[in-house]
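Colleague: I have a structure I would like to understand better, so I am pasting it below and will then ask my questions one at a time.
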Amino acid sequence: MLIHLSSWPEIDAALKSGHALSSTVIVPIGSNEQHGPTGLLGTDWLCPEIIAHAAEKGEEALIVAPTFNIGMAQHHLAFPGTITLRPSTFMAAIGDWVASLTRHGFERIYFLNGHGGNVATIEAAFAEIYAEWSYAEDRADFALKLRNWWDLAGVTGLCNSIFPTGHGMHATPSEIAVTQAAYPDRIKTADYEPRIAPVGPIRDALDYRARFPDGRIGSDPAQASPEKGQRIIDAAVPALLKDVADFAAEVLPGT
């Protein structure tokens with residue numbers, strides 16, 4: 001069930017259904033930022049959305065929230081089309097999403113992330129949310145989980161086997177292949193020079209643009225294809241379903 005394509009009575013009924021997944025919701029979360037000359041700007045939110053929506057098609061009880069598609073990407077601001085939130089704004093927004101969803105009865109909120117630059121801020125947001133309960137000497141009646149889509153069981157190993165060289169850290173062939181599988185009419189091509197991009201630290205936007213002129217870090221996205229992307233999606237979906245089911249079955253002490 002996709003929340004944004006459902007009515008409120010449908011969500012209300014799902015929450016009251018008693019199904020093992022009825023109080024669990026997946027939030028695809030990512031970033032809208034440059035991904036080199038050929039990567040879609042939405043790559044980091046499209047990948048978790050593509051995987052979560054594919055999983056929902058195979059498990060009708062799965063509930064997926066609208067995609068949280070703007071994240072922490074200040075270091076990409078020297079490239080047009082990038083949109084970012086300050087870490088403090090991002091944390092506040094995550095808190096509001098959690099407060100909204102838990103108010104209606106969701107007890108497990110599973111953030112499926114597509115942008116490595118989000119991780120520290122999401123984890124800090126979780127800590128801020130839990131701190132409110134800790135200071136009040138109360139127990140949170142919900143649980144939060146963060147999982148990067150590439151960290152789903154078996155996915156990184158598959159990506160490394162498909163792309164043994166030139167996988168890199170940003171604008172990777174694996175993430176671009178996933179978007180190509182879902183949006184084959186949006187495939188872009190370019191002549192990369194060098195073929196495999198340089199690597200280095202990530203700091204402010206102008207420093208990033210100077211180090212990585214075309215936006216890539218350590219990657220050769222020319223290796224991507226829709227067929228390779230579909231292999232990755234097909235591996236990620238069952239891994240996601242198992243991870244969410246395990247999370248939904250977790251017993252919260254004292255509840």
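Ordering of the structure tokens sets the chain letters (A, B, ...), residue numbers begin anew at 1 in every chain, and ligands are numbered from 1 in the order given.
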As JSON, numbers by chain, which residues of range 52-129 of chain A does DSSP assign to strand (DSSP E)?
Modeller: {"A": [108, 109, 110, 111, 112, 113]}
Colleague: Dump C-alpha atoms for the selected residues as a short mmCIF file (atom, residue, chain, number, x, y, z; two decimals), in the first residue's frame?
Modeller:
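Output file part.cif follows:
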```cif
data_model
loop_
_atom_site.label_atom_id
_atom_site.label_comp_id
_atom_site.auth_asym_id
_atom_site.auth_seq_id
_atom_site.Cartn_x
_atom_site.Cartn_y
_atom_site.Cartn_z
CA ARG A 108 7.96 0.71 13.40
CA ILE A 109 9.33 3.33 11.00
CA TYR A 110 11.90 1.96 8.58
CA PHE A 111 13.94 4.52 6.66
CA LEU A 112 15.33 3.04 3.43
CA ASN A 113 18.12 5.42 2.51
#
```
Colleague: With range 239-253 of chain A as the partner and 9 Å as the cut-off, tabulate the residues of range 18-94 of chain A that qualify, each row holding the nearest pair of atoms and their distance in Å to one decimal, using only C-alpha atoms, sorted by chain and rising number, as CSV.
Modeller:
```
residue,atom,partner,partner_atom,distance
A:Ala20,CA,A:Ala248,CA,6.8
A:Leu21,CA,A:Ala248,CA,6.1
A:Ser22,CA,A:Ala248,CA,8.7
A:Ser23,CA,A:Ala248,CA,7.7
A:Thr24,CA,A:Ala248,CA,6.1
A:Val25,CA,A:Val244,CA,8.8
A:Ile26,CA,A:Val244,CA,8.2
A:Ile51,CA,A:Leu240,CA,8.2
A:Ala52,CA,A:Leu240,CA,7.8
A:Ala55,CA,A:Leu241,CA,6.7
A:Glu56,CA,A:Leu241,CA,8.9
A:Glu59,CA,A:Leu241,CA,8.2
A:Leu62,CA,A:Leu241,CA,8.6
```
Colleague: Compare A:Glu49, A:Thr121, A:Gly42, A:Ala65 by their minimum atom-to-atom distance to Ile83 in chain A, counting only C-alpha atoms, and give me the closest one.
Modeller: A:Gly42
Colleague: Skipping near chain neighbours, those fewer than 6 positions away, what residues fall within 8 Å of range 175-189 of chain A using only C-alpha atoms, listed as a compact mmCIF listing (two decimals) with N, CA and C atoms, in the first residue's frame?
Modeller:
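Saved the output as part30.txt:
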```txt
# COMPACT_ATOMS: atom_id res chain seq x y z
N PRO A 37 27.86 13.42 -15.18
CA PRO A 37 27.26 13.89 -16.43
C PRO A 37 26.06 13.08 -16.90
N THR A 38 25.92 11.83 -16.43
CA THR A 38 24.84 10.98 -16.95
C THR A 38 23.85 10.53 -15.88
N GLY A 39 24.17 10.73 -14.62
CA GLY A 39 23.27 10.27 -13.56
C GLY A 39 22.13 11.23 -13.33
N LEU A 40 20.94 10.70 -13.10
CA LEU A 40 19.77 11.54 -12.82
C LEU A 40 19.95 12.24 -11.47
N THR A 43 18.70 10.36 -8.43
CA THR A 43 19.19 8.99 -8.22
C THR A 43 19.09 8.52 -6.78
N ASP A 44 19.51 9.34 -5.85
CA ASP A 44 19.60 8.89 -4.45
C ASP A 44 18.24 8.73 -3.78
N LEU A 46 15.48 8.07 -5.94
CA LEU A 46 14.82 7.13 -6.85
C LEU A 46 15.16 5.68 -6.50
N CYS A 47 16.43 5.40 -6.17
CA CYS A 47 16.82 4.02 -5.90
C CYS A 47 16.02 3.41 -4.75
N ILE A 50 12.35 3.04 -5.93
CA ILE A 50 12.18 1.95 -6.90
C ILE A 50 12.14 0.60 -6.18
N PRO A 221 30.55 5.16 -14.43
CA PRO A 221 29.13 4.85 -14.65
C PRO A 221 28.81 4.30 -16.04
N ALA A 222 29.77 4.38 -16.98
CA ALA A 222 29.51 3.85 -18.32
C ALA A 222 29.23 2.35 -18.29
N ALA A 224 27.08 0.92 -16.42
CA ALA A 224 25.68 0.68 -16.04
C ALA A 224 24.84 0.25 -17.24
N SER A 225 23.81 -0.55 -16.96
CA SER A 225 22.83 -0.92 -17.98
C SER A 225 21.53 -1.26 -17.28
N PRO A 226 20.40 -1.17 -18.00
CA PRO A 226 19.11 -1.55 -17.39
C PRO A 226 19.10 -2.99 -16.91
N GLU A 227 19.74 -3.88 -17.65
CA GLU A 227 19.75 -5.29 -17.29
C GLU A 227 20.48 -5.51 -15.96
N LYS A 228 21.62 -4.83 -15.80
CA LYS A 228 22.36 -4.94 -14.54
C LYS A 228 21.55 -4.33 -13.39
N GLY A 229 20.89 -3.22 -13.67
CA GLY A 229 20.06 -2.59 -12.66
C GLY A 229 18.92 -3.50 -12.21
N GLN A 230 18.32 -4.22 -13.14
CA GLN A 230 17.22 -5.12 -12.77
C GLN A 230 17.71 -6.27 -11.91
N ILE A 232 20.05 -6.03 -9.74
CA ILE A 232 20.23 -5.45 -8.41
C ILE A 232 18.88 -5.29 -7.72
N ILE A 233 17.89 -4.80 -8.44
CA ILE A 233 16.55 -4.65 -7.87
C ILE A 233 15.99 -6.00 -7.44
```
Colleague: Quick check for you: according to DSSP on this backbone, which residues of range 18-210 of chain A are classed as alpha helix (DSSP H)? Reply as a ChimeraX atom specification.
Modeller: /A:43-58,87-103,119-135,155-162,173-182,205-210
Colleague: Report, in Å with one decimal, the straight-line distance from CA of Ala140 in chain A to CA of Phe106 in chain A.
Modeller: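 CA of Phe106 in chain A lies at a distance of 12.3 Å from CA of Ala140 in chain A.
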Colleague: Could you give me, as a PyMOL selection string, the residues within 9 Å of Ile70 in chain A, counting only C-alpha atoms and dropping anything in the same chain fewer than 6 positions from it?
Modeller: chain A and resi 29-33+45+83-85+90
Colleague: Using only C-alpha atoms, which of the listed residues (A:Ile122, A:Ile162, A:Ala14, A:Ile3) sits closest to Arg147 in chain A?
Modeller: A:Ile122
Colleague: Tell me which protein, DNA and RNA residues are within 6 Å of range 212-215 of chain A, counting only C-alpha atoms, leaving out same-chain ones fewer than 3 positions away, and put them as a ChimeraX atom specification.
Modeller: /A:36,208-209
Colleague: Would you write out those residues with C-alpha atoms, as a PDB file, in the first residue's frame?
Modeller:
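And here is the file that came out, out-v7.pdb:
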```pdb
ATOM      1  CA  GLY A  36      27.933  13.085 -12.769  1.00  0.00           C
ATOM      2  CA  TYR A 208      34.164  19.419  -4.187  1.00  0.00           C
ATOM      3  CA  ARG A 209      33.778  20.936  -7.665  1.00  0.00           C
TER       4      ARG A 209
END
```
Colleague: Applying 10 Å and only C-alpha atoms, which residues near Pro201 in chain A remain after dropping the ones on its own chain fewer than 4 positions away? List them as a PyMOL selection string.
Modeller: chain A and resi 207-208+211+217
Colleague: Given the choices A:Pro66, A:Gly157, A:Pro173, A:Pro198, which gets closest to His4 in chain A if the distance is worked out from only C-alpha atoms?
Modeller: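 Checking each of A:Pro66, A:Gly157, A:Pro173, A:Pro198 against His4 in chain A, counting only C-alpha atoms, the winner is A:Pro66.
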Colleague: Which value, in Å to one decimal, gives the distance between CA of Leu152 in chain A and CA of Trp133 in chain A?
Modeller: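 Computing the Euclidean distance for CA of Leu152 in chain A and CA of Trp133 in chain A yields 29.4 Å.
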